[in-house]
Amino acid sequence: DPILGFAPVPDSRGAHLFPIGPKIPMRYDAEGFRIPVEGQERKHPYVMALGCSFTYGDACAAEDTYPHILAEILGGSELNAGVCSYGLTQMALLAERLIPRFHPEYLIVEYSTLLADRSIDYFAPSYFLTLPVPYFSQDGKGGFTIS
């Protein structure tokens, strides 16, 4: 992705493979949100979630993620925009892109020091590649900018 560094491939399916345990089937919808493998009929209220692998639900089925469970309790659908290795910078950029488009009734924003640390690094954590990503930098006026 030219802005985010990397992003899910819309309308894709696959599986997470781990050194131990079963493979975990996964699927993205046409907008790049993680959804259950069987698909999902979208209905309001929308529960949009921004974060990294904890929000995405790494190592578990989409039905077991907290955005899905919360949306189910509220009688709506999750818009799970969590992506493994993302930081606060990507989350801010996604918020600017997705909130005006989908108008979620609920917005969940994951926060941890891990996400803050990632937002000032030039590269995403990866076992295989060097992935350049957007990051926060000082703007010289007492504020910050996304570089």
# chains A, B, ... in the order shown; residues from 1 in each chain; ligands from 1

call {"tool": "residues_around", "arguments": {"residues": "A:Gly87", "least_positions_apart": "5", "cutoff": "8 Å", "atoms": "only C-alpha atoms", "output": "list of chain:residue names"}}
result
A:Gly51, A:Cys52, A:Leu114, A:Leu115, A:Ala116, A:Asp117, A:Arg118, A:Ser119

call {"tool": "residues_around", "arguments": {"residues": "A:Ala30", "least_positions_apart": "4", "cutoff": "12 Å", "atoms": "only C-alpha atoms", "output": "ChimeraX atom specification"}}
result
/A:8-13,34-35,39-40,42,79

call {"tool": "closest_residue", "arguments": {"among": "A:Ile99, A:Ile146, A:Val37, A:Ala81", "to": "A:Ala49", "atoms": "only C-alpha atoms"}}
result
A:Ala81

call {"tool": "select_by_dssp", "arguments": {"residues": "chain A", "states": "strand (DSSP E)", "output": "ChimeraX atom specification"}}
result
/A:13-16,24-28,34-35,46-50,77-80,106-109,123-124,131-132,136-138,144-146

call {"tool": "write_last_selection", "arguments": {"atoms": "N, CA and C atoms", "output": "mmCIF file, in the first residue's frame"}}
result
data_model
loop_
_atom_site.group_PDB
_atom_site.id
_atom_site.type_symbol
_atom_site.label_atom_id
_atom_site.label_comp_id
_atom_site.auth_asym_id
_atom_site.auth_seq_id
_atom_site.Cartn_x
_atom_site.Cartn_y
_atom_site.Cartn_z
ATOM 1 N N ARG A 13 -8.476 -14.962 0.788
ATOM 2 C CA ARG A 13 -8.606 -16.030 1.775
ATOM 3 C C ARG A 13 -7.248 -16.684 1.941
ATOM 4 N N GLY A 14 -7.056 -17.294 3.072
ATOM 5 C CA GLY A 14 -5.808 -18.005 3.312
ATOM 6 C C GLY A 14 -5.857 -18.675 4.662
ATOM 7 N N ALA A 15 -4.672 -18.887 5.217
ATOM 8 C CA ALA A 15 -4.575 -19.509 6.532
ATOM 9 C C ALA A 15 -3.317 -19.017 7.215
ATOM 10 N N HIS A 16 -3.413 -18.872 8.523
ATOM 11 C CA HIS A 16 -2.233 -18.578 9.334
ATOM 12 C C HIS A 16 -1.601 -19.905 9.702
ATOM 13 N N ILE A 24 -5.012 -21.719 10.905
ATOM 14 C CA ILE A 24 -6.203 -20.936 11.208
ATOM 15 C C ILE A 24 -6.717 -20.324 9.906
ATOM 16 N N PRO A 25 -7.880 -20.772 9.399
ATOM 17 C CA PRO A 25 -8.432 -20.172 8.180
ATOM 18 C C PRO A 25 -8.743 -18.698 8.393
ATOM 19 N N MET A 26 -8.543 -17.888 7.350
ATOM 20 C CA MET A 26 -8.851 -16.465 7.441
ATOM 21 C C MET A 26 -9.391 -15.958 6.117
ATOM 22 N N ARG A 27 -10.106 -14.809 6.216
ATOM 23 C CA ARG A 27 -10.715 -14.217 5.029
ATOM 24 C C ARG A 27 -10.860 -12.715 5.217
ATOM 25 N N TYR A 28 -10.683 -11.976 4.112
ATOM 26 C CA TYR A 28 -10.946 -10.529 4.079
ATOM 27 C C TYR A 28 -12.101 -10.272 3.126
ATOM 28 N N ARG A 34 -11.282 -8.025 8.129
ATOM 29 C CA ARG A 34 -11.285 -9.458 8.426
ATOM 30 C C ARG A 34 -12.705 -9.884 8.772
ATOM 31 N N ILE A 35 -13.151 -10.982 8.177
ATOM 32 C CA ILE A 35 -14.495 -11.499 8.415
ATOM 33 C C ILE A 35 -14.423 -13.010 8.632
ATOM 34 N N TYR A 46 -22.526 -0.748 13.236
ATOM 35 C CA TYR A 46 -21.171 -1.140 12.868
ATOM 36 C C TYR A 46 -20.247 -0.910 14.053
ATOM 37 N N VAL A 47 -19.403 -1.897 14.326
ATOM 38 C CA VAL A 47 -18.371 -1.803 15.355
ATOM 39 C C VAL A 47 -17.039 -1.851 14.630
ATOM 40 N N MET A 48 -16.428 -0.676 14.429
ATOM 41 C CA MET A 48 -15.140 -0.613 13.750
ATOM 42 C C MET A 48 -14.026 -0.756 14.778
ATOM 43 N N ALA A 49 -13.045 -1.586 14.467
ATOM 44 C CA ALA A 49 -11.923 -1.814 15.373
ATOM 45 C C ALA A 49 -10.616 -1.561 14.629
ATOM 46 N N LEU A 50 -9.748 -0.744 15.237
ATOM 47 C CA LEU A 50 -8.432 -0.431 14.687
ATOM 48 C C LEU A 50 -7.372 -0.946 15.646
ATOM 49 N N SER A 77 -22.510 -5.684 13.126
ATOM 50 C CA SER A 77 -21.394 -6.325 12.438
ATOM 51 C C SER A 77 -20.090 -5.611 12.760
ATOM 52 N N GLU A 78 -19.033 -6.394 12.835
ATOM 53 C CA GLU A 78 -17.723 -5.803 13.053
ATOM 54 C C GLU A 78 -17.119 -5.364 11.735
ATOM 55 N N LEU A 79 -16.355 -4.296 11.800
ATOM 56 C CA LEU A 79 -15.511 -3.845 10.705
ATOM 57 C C LEU A 79 -14.090 -3.949 11.269
ATOM 58 N N ASN A 80 -13.538 -5.145 11.214
ATOM 59 C CA ASN A 80 -12.255 -5.425 11.861
ATOM 60 C C ASN A 80 -11.127 -4.978 10.945
ATOM 61 N N TYR A 106 -19.893 2.517 16.575
ATOM 62 C CA TYR A 106 -18.914 2.288 17.639
ATOM 63 C C TYR A 106 -17.527 2.222 17.030
ATOM 64 N N LEU A 107 -16.559 2.802 17.719
ATOM 65 C CA LEU A 107 -15.167 2.754 17.283
ATOM 66 C C LEU A 107 -14.313 2.262 18.442
ATOM 67 N N ILE A 108 -13.581 1.186 18.208
ATOM 68 C CA ILE A 108 -12.667 0.647 19.210
ATOM 69 C C ILE A 108 -11.254 0.891 18.706
ATOM 70 N N VAL A 109 -10.441 1.535 19.516
ATOM 71 C CA VAL A 109 -9.064 1.808 19.149
ATOM 72 C C VAL A 109 -8.160 1.129 20.167
ATOM 73 N N PHE A 123 10.326 0.998 10.064
ATOM 74 C CA PHE A 123 10.024 -0.310 9.500
ATOM 75 C C PHE A 123 9.096 -1.092 10.414
ATOM 76 N N ALA A 124 8.227 -1.909 9.820
ATOM 77 C CA ALA A 124 7.314 -2.765 10.578
ATOM 78 C C ALA A 124 8.067 -3.993 11.071
ATOM 79 N N LEU A 131 9.991 -3.979 5.905
ATOM 80 C CA LEU A 131 8.786 -3.338 5.389
ATOM 81 C C LEU A 131 8.745 -1.874 5.819
ATOM 82 N N PRO A 132 9.032 -0.931 4.905
ATOM 83 C CA PRO A 132 8.923 0.479 5.286
ATOM 84 C C PRO A 132 7.470 0.848 5.564
ATOM 85 N N PHE A 136 5.418 8.697 12.816
ATOM 86 C CA PHE A 136 5.275 10.055 13.326
ATOM 87 C C PHE A 136 6.659 10.671 13.467
ATOM 88 N N SER A 137 6.789 11.940 13.076
ATOM 89 C CA SER A 137 8.043 12.673 13.284
ATOM 90 C C SER A 137 7.694 14.096 13.706
ATOM 91 N N GLN A 138 8.645 14.753 14.374
ATOM 92 C CA GLN A 138 8.412 16.121 14.824
ATOM 93 C C GLN A 138 8.367 17.051 13.621
ATOM 94 N N PHE A 144 3.650 17.266 15.449
ATOM 95 C CA PHE A 144 4.173 16.108 14.712
ATOM 96 C C PHE A 144 3.490 16.018 13.356
ATOM 97 N N THR A 145 4.085 15.235 12.503
ATOM 98 C CA THR A 145 3.550 14.960 11.179
ATOM 99 C C THR A 145 3.738 13.477 10.881
ATOM 100 N N ILE A 146 3.036 12.978 9.918
ATOM 101 C CA ILE A 146 3.229 11.602 9.487
ATOM 102 C C ILE A 146 4.140 11.629 8.277
#

call {"tool": "closest_residue", "arguments": {"among": "A:Leu88, A:Ala7, A:Leu17, A:Cys60", "to": "A:Glu31", "atoms": "only C-alpha atoms"}}
result
A:Ala7

call {"tool": "residues_around", "arguments": {"residues": "A:Arg97", "least_positions_apart": "5", "cutoff": "12 Å", "atoms": "only C-alpha atoms", "output": "PyMOL selection string"}}
result
chain A and resi 3-4+31+50+81+90-92+102-103

call {"tool": "atom_distance", "arguments": {"atom1": "atom CA of A:Ile20", "atom2": "atom CA of A:Glu63"}}
result
21.0 Å

call {"tool": "atom_distance", "arguments": {"atom1": "atom CA of A:Pro104", "atom2": "atom CA of A:Pro45"}}
result
7.0 Å

call {"tool": "residues_around", "arguments": {"residues": "A:Tyr66", "least_positions_apart": "2", "cutoff": "8 Å", "atoms": "only C-alpha atoms", "output": "list of chain:residue names"}}
result
A:Thr55, A:Gly57, A:Asp64, A:His68, A:Ile69, A:Leu70

call {"tool": "write_last_selection", "arguments": {"atoms": "C-alpha atoms", "output": "compact mmCIF listing (two decimals), in the first residue's frame"}}
result
# COMPACT_ATOMS: atom_id res chain seq x y z
CA THR A 55 -7.44 -6.63 17.33
CA GLY A 57 -7.18 -11.84 16.23
CA ASP A 64 -13.42 -15.50 18.40
CA HIS A 68 -16.78 -9.90 16.38
CA ILE A 69 -18.00 -10.83 19.86
CA LEU A 70 -18.83 -7.21 20.74

call {"tool": "select_by_dssp", "arguments": {"residues": "chain A", "states": "helix (DSSP H, G or I)", "output": "ChimeraX atom specification"}}
result
/A:53-56,62-64,66-74,88-102,113-118

call {"tool": "closest_residue", "arguments": {"among": "A:Val83, A:Val133, A:Ala61, A:Leu74", "to": "A:Gly5", "atoms": "only C-alpha atoms"}}
result
A:Val133

call {"tool": "atom_distance", "arguments": {"atom1": "atom CA of A:His44", "atom2": "atom CA of A:Glu105"}}
result
7.8 Å
